[in-house]
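Worksheet for the structure shown next.
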Amino acid sequence: MKISFSVALLLLCFNLSAQSFKIKHLVVEGAASPAQGTVKVDLNNRSININSNGRETQLTRVIFQKGQNGSLKCYRETVESKKRIIFEPNRERTEEKRDVSHIMTYTVVNPFSNQRSEVVYHLIKLNE
């Protein structure tokens, strides 16, 4: 009995520390683009993996910060760039966003030129 309880508790803890999302589509400079892929957030290993349209991006040593109203803020700064990812629950369930569970905003800033790029991902949370 103790072993099955321990296994169930371990699975529950894993579920709370790692989450996966399916990318529905993304928005670049105000224009929606079709996209396929996944986003995996691993709180224990402090990493985020983004696989979008066959292109994989992995951020390691990410700083996680809990935001307001269920949002999660993620930061990764190096000498060449500052990266920020914000996950927010989808509060406007209109026609195209009806099944979207989270909105992820991925911002990259080059500190030398102050050039900024931003991509907004519409995500569907996967229950694994």
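Quick note on naming: the chains in the structure tokens go A, B, ... in the order shown, residues restart at 1 in each chain, and ligands are numbered from 1 in order of appearance.
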
Residues of range 1-89 of chain A at most 8 Å from range 107-124 of chain A: nearest atom pair and distance in Å, only C-alpha atoms, as CSV:
```
residue,atom,partner,partner_atom,distance
A:Phe21,CA,A:Ile124,CA,5.4
A:Lys22,CA,A:Ile124,CA,5.1
A:Ile23,CA,A:Leu123,CA,4.7
A:Lys24,CA,A:His122,CA,5.6
A:His25,CA,A:His122,CA,5.5
A:Leu26,CA,A:Tyr121,CA,4.3
A:Val27,CA,A:Val120,CA,5.0
A:Val28,CA,A:Val119,CA,5.1
A:Glu29,CA,A:Glu118,CA,7.4
A:Val79,CA,A:Pro111,CA,7.9
A:Glu80,CA,A:Asn110,CA,6.2
A:Ser81,CA,A:Asn110,CA,4.7
A:Lys82,CA,A:Val109,CA,5.1
A:Lys83,CA,A:Val108,CA,4.6
A:Arg84,CA,A:Thr107,CA,5.2
A:Ile85,CA,A:Thr107,CA,6.4
```

Going by DSSP on the backbone, which bits of range 1-120 of chain A are strand (DSSP E or B)? Write them as a VMD selection string, please. chain A and resid 18 to 28 31 to 34 37 to 42 47 to 52 55 to 59 63 to 66 72 to 77 82 to 89 102 to 110 115 to 120

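CA of Lys97 in chain A is found 15.8 Å from CA of Leu126 in chain A.
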
Would you list, as a ChimeraX atom specification, the residues of chain A that end up in helix (DSSP H, G or I) under DSSP run on this structure's backbone? /A:2-17

Next, write the just-selected residues to a file, as a PDB file, in the first residue's frame, keeping N, CA and C atoms as the atom set.
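The resulting file, again18.pdb, is reproduced below:
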```pdb
ATOM      1  N   LYS A   2       1.934   1.242   0.828  1.00  0.00           N
ATOM      2  CA  LYS A   2       2.810   2.407   0.896  1.00  0.00           C
ATOM      3  C   LYS A   2       3.517   2.643  -0.432  1.00  0.00           C
ATOM      4  N   ILE A   3       3.871   1.557  -1.121  1.00  0.00           N
ATOM      5  CA  ILE A   3       4.591   1.700  -2.387  1.00  0.00           C
ATOM      6  C   ILE A   3       3.689   2.334  -3.441  1.00  0.00           C
ATOM      7  N   SER A   4       2.452   1.890  -3.541  1.00  0.00           N
ATOM      8  CA  SER A   4       1.552   2.461  -4.546  1.00  0.00           C
ATOM      9  C   SER A   4       1.238   3.928  -4.237  1.00  0.00           C
ATOM     10  N   PHE A   5       1.121   4.256  -2.958  1.00  0.00           N
ATOM     11  CA  PHE A   5       0.896   5.643  -2.568  1.00  0.00           C
ATOM     12  C   PHE A   5       2.107   6.506  -2.931  1.00  0.00           C
ATOM     13  N   SER A   6       3.319   5.971  -2.700  1.00  0.00           N
ATOM     14  CA  SER A   6       4.541   6.705  -3.030  1.00  0.00           C
ATOM     15  C   SER A   6       4.672   6.930  -4.531  1.00  0.00           C
ATOM     16  N   VAL A   7       4.329   5.919  -5.322  1.00  0.00           N
ATOM     17  CA  VAL A   7       4.397   6.050  -6.773  1.00  0.00           C
ATOM     18  C   VAL A   7       3.386   7.092  -7.247  1.00  0.00           C
ATOM     19  N   ALA A   8       2.188   7.072  -6.700  1.00  0.00           N
ATOM     20  CA  ALA A   8       1.169   8.054  -7.081  1.00  0.00           C
ATOM     21  C   ALA A   8       1.610   9.464  -6.708  1.00  0.00           C
ATOM     22  N   LEU A   9       2.203   9.623  -5.549  1.00  0.00           N
ATOM     23  CA  LEU A   9       2.701  10.925  -5.114  1.00  0.00           C
ATOM     24  C   LEU A   9       3.839  11.406  -6.011  1.00  0.00           C
ATOM     25  N   LEU A  10       4.719  10.491  -6.397  1.00  0.00           N
ATOM     26  CA  LEU A  10       5.828  10.839  -7.286  1.00  0.00           C
ATOM     27  C   LEU A  10       5.310  11.300  -8.650  1.00  0.00           C
ATOM     28  N   LEU A  11       4.316  10.601  -9.192  1.00  0.00           N
ATOM     29  CA  LEU A  11       3.734  11.000 -10.471  1.00  0.00           C
ATOM     30  C   LEU A  11       3.042  12.352 -10.378  1.00  0.00           C
ATOM     31  N   LEU A  12       2.380  12.609  -9.263  1.00  0.00           N
ATOM     32  CA  LEU A  12       1.733  13.902  -9.058  1.00  0.00           C
ATOM     33  C   LEU A  12       2.764  15.024  -9.015  1.00  0.00           C
ATOM     34  N   CYS A  13       3.873  14.798  -8.317  1.00  0.00           N
ATOM     35  CA  CYS A  13       4.927  15.814  -8.246  1.00  0.00           C
ATOM     36  C   CYS A  13       5.545  16.055  -9.615  1.00  0.00           C
ATOM     37  N   PHE A  14       5.733  14.989 -10.403  1.00  0.00           N
ATOM     38  CA  PHE A  14       6.285  15.153 -11.747  1.00  0.00           C
ATOM     39  C   PHE A  14       5.340  15.956 -12.616  1.00  0.00           C
ATOM     40  N   ASN A  15       4.060  15.713 -12.480  1.00  0.00           N
ATOM     41  CA  ASN A  15       3.063  16.421 -13.279  1.00  0.00           C
ATOM     42  C   ASN A  15       3.053  17.906 -12.954  1.00  0.00           C
ATOM     43  N   LEU A  16       3.320  18.257 -11.709  1.00  0.00           N
ATOM     44  CA  LEU A  16       3.340  19.667 -11.322  1.00  0.00           C
ATOM     45  C   LEU A  16       4.628  20.363 -11.739  1.00  0.00           C
ATOM     46  N   SER A  17       5.710  19.604 -11.967  1.00  0.00           N
ATOM     47  CA  SER A  17       6.982  20.230 -12.270  1.00  0.00           C
ATOM     48  C   SER A  17       7.327  20.233 -13.750  1.00  0.00           C
TER      49      SER A  17
END
```

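Excluding Arg46 in chain A itself and any same-chain residue fewer than 4 positions from it, the protein and nucleic acid residues within 12 Å of it, counting only C-alpha atoms, are A:Ser17, A:Ala18, A:Lys40, A:Val41, A:Asp42, A:Gln58, A:Leu59, A:Thr60, A:Arg61, A:Val62, A:Ile63, A:Phe64, A:Gln65, A:Cys74, A:Tyr75, A:Arg76.
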
Grab the residues selected above and save them as an mmCIF file, in the first residue's frame with N, CA and C atoms.
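Written output follows (result_3.cif):
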```
data_model
loop_
_atom_site.group_PDB
_atom_site.id
_atom_site.type_symbol
_atom_site.label_atom_id
_atom_site.label_comp_id
_atom_site.auth_asym_id
_atom_site.auth_seq_id
_atom_site.Cartn_x
_atom_site.Cartn_y
_atom_site.Cartn_z
ATOM 1 N N SER A 17 5.710 19.604 -11.967
ATOM 2 C CA SER A 17 6.982 20.230 -12.270
ATOM 3 C C SER A 17 7.327 20.233 -13.750
ATOM 4 N N ALA A 18 6.582 19.489 -14.579
ATOM 5 C CA ALA A 18 6.831 19.466 -16.020
ATOM 6 C C ALA A 18 5.486 19.538 -16.737
ATOM 7 N N LYS A 40 7.671 22.503 -24.023
ATOM 8 C CA LYS A 40 7.783 21.743 -22.776
ATOM 9 C C LYS A 40 8.495 22.595 -21.740
ATOM 10 N N VAL A 41 7.857 22.734 -20.590
ATOM 11 C CA VAL A 41 8.412 23.508 -19.481
ATOM 12 C C VAL A 41 8.788 22.531 -18.375
ATOM 13 N N ASP A 42 10.056 22.532 -17.982
ATOM 14 C CA ASP A 42 10.545 21.636 -16.935
ATOM 15 C C ASP A 42 11.068 22.497 -15.786
ATOM 16 N N GLN A 58 16.090 25.503 -27.267
ATOM 17 C CA GLN A 58 16.143 25.059 -25.882
ATOM 18 C C GLN A 58 16.773 26.152 -25.035
ATOM 19 N N LEU A 59 16.057 26.540 -23.996
ATOM 20 C CA LEU A 59 16.578 27.510 -23.037
ATOM 21 C C LEU A 59 16.874 26.770 -21.743
ATOM 22 N N THR A 60 18.114 26.853 -21.283
ATOM 23 C CA THR A 60 18.501 26.211 -20.032
ATOM 24 C C THR A 60 18.841 27.289 -19.007
ATOM 25 N N ARG A 61 18.889 26.881 -17.762
ATOM 26 C CA ARG A 61 19.173 27.787 -16.644
ATOM 27 C C ARG A 61 18.230 28.990 -16.649
ATOM 28 N N VAL A 62 16.953 28.676 -16.822
ATOM 29 C CA VAL A 62 15.917 29.704 -16.867
ATOM 30 C C VAL A 62 15.495 30.064 -15.445
ATOM 31 N N ILE A 63 15.247 31.332 -15.208
ATOM 32 C CA ILE A 63 14.728 31.795 -13.913
ATOM 33 C C ILE A 63 13.216 31.891 -14.042
ATOM 34 N N PHE A 64 12.489 31.189 -13.179
ATOM 35 C CA PHE A 64 11.034 31.197 -13.188
ATOM 36 C C PHE A 64 10.526 32.107 -12.082
ATOM 37 N N GLN A 65 9.493 32.870 -12.404
ATOM 38 C CA GLN A 65 8.885 33.766 -11.430
ATOM 39 C C GLN A 65 7.377 33.719 -11.612
ATOM 40 N N CYS A 74 9.388 33.776 -17.281
ATOM 41 C CA CYS A 74 10.624 33.027 -17.416
ATOM 42 C C CYS A 74 11.687 33.941 -18.019
ATOM 43 N N TYR A 75 12.896 33.927 -17.438
ATOM 44 C CA TYR A 75 13.964 34.809 -17.888
ATOM 45 C C TYR A 75 15.231 34.014 -18.151
ATOM 46 N N ARG A 76 15.956 34.418 -19.196
ATOM 47 C CA ARG A 76 17.266 33.850 -19.498
ATOM 48 C C ARG A 76 18.096 34.972 -20.109
#
```

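For the residues A:Thr78, A:Asn127, A:Ser47, A:Ser52, ranking by smallest atom-to-atom distance to Ser101 in chain A using only C-alpha atoms places A:Asn127 first.
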
I'd like the neighbourhood of Leu72 in chain A as a PyMOL selection string, where a residue qualifies if any of its atoms comes within 10 Å (using only C-alpha atoms), though same-chain residues fewer than 3 positions away should be ignored. chain A and resi 64-69+85-89+104

Can I get the selected residues back with N, CA and C atoms, as an mmCIF file, in the first residue's frame?
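Final output, saved to selection_35.cif:
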```cif
data_model
loop_
_atom_site.group_PDB
_atom_site.id
_atom_site.type_symbol
_atom_site.label_atom_id
_atom_site.label_comp_id
_atom_site.auth_asym_id
_atom_site.auth_seq_id
_atom_site.Cartn_x
_atom_site.Cartn_y
_atom_site.Cartn_z
ATOM 1 N N PHE A 64 12.489 31.189 -13.179
ATOM 2 C CA PHE A 64 11.034 31.197 -13.188
ATOM 3 C C PHE A 64 10.526 32.107 -12.082
ATOM 4 N N GLN A 65 9.493 32.870 -12.404
ATOM 5 C CA GLN A 65 8.885 33.766 -11.430
ATOM 6 C C GLN A 65 7.377 33.719 -11.612
ATOM 7 N N LYS A 66 6.667 33.468 -10.534
ATOM 8 C CA LYS A 66 5.207 33.423 -10.608
ATOM 9 C C LYS A 66 4.670 34.837 -10.755
ATOM 10 N N GLY A 67 3.787 35.017 -11.748
ATOM 11 C CA GLY A 67 3.186 36.324 -11.987
ATOM 12 C C GLY A 67 1.792 36.400 -11.396
ATOM 13 N N GLN A 68 1.065 37.424 -11.760
ATOM 14 C CA GLN A 68 -0.293 37.600 -11.259
ATOM 15 C C GLN A 68 -1.272 36.800 -12.094
ATOM 16 N N ASN A 69 -2.378 36.416 -11.490
ATOM 17 C CA ASN A 69 -3.496 35.759 -12.169
ATOM 18 C C ASN A 69 -3.092 34.513 -12.940
ATOM 19 N N ILE A 85 10.057 34.907 -21.539
ATOM 20 C CA ILE A 85 8.874 34.154 -21.957
ATOM 21 C C ILE A 85 7.829 34.318 -20.869
ATOM 22 N N ILE A 86 6.624 34.676 -21.271
ATOM 23 C CA ILE A 86 5.516 34.812 -20.319
ATOM 24 C C ILE A 86 4.379 33.894 -20.759
ATOM 25 N N PHE A 87 3.972 32.996 -19.869
ATOM 26 C CA PHE A 87 2.810 32.136 -20.084
ATOM 27 C C PHE A 87 1.629 32.750 -19.346
ATOM 28 N N GLU A 88 0.520 32.947 -20.041
ATOM 29 C CA GLU A 88 -0.693 33.466 -19.403
ATOM 30 C C GLU A 88 -1.879 32.605 -19.803
ATOM 31 N N PRO A 89 -2.795 32.349 -18.879
ATOM 32 C CA PRO A 89 -4.015 31.617 -19.259
ATOM 33 C C PRO A 89 -4.819 32.436 -20.262
ATOM 34 N N MET A 104 1.559 32.297 -24.953
ATOM 35 C CA MET A 104 2.970 32.421 -24.588
ATOM 36 C C MET A 104 3.589 33.535 -25.424
#
```

Selection near Asn53 in chain A, 10 Å with only C-alpha atoms, sequence-local residues under 4 positions removed, as a list in words: Ile23, Pro34, Ala35, Gln36, Gly37 and Thr38 of chain A
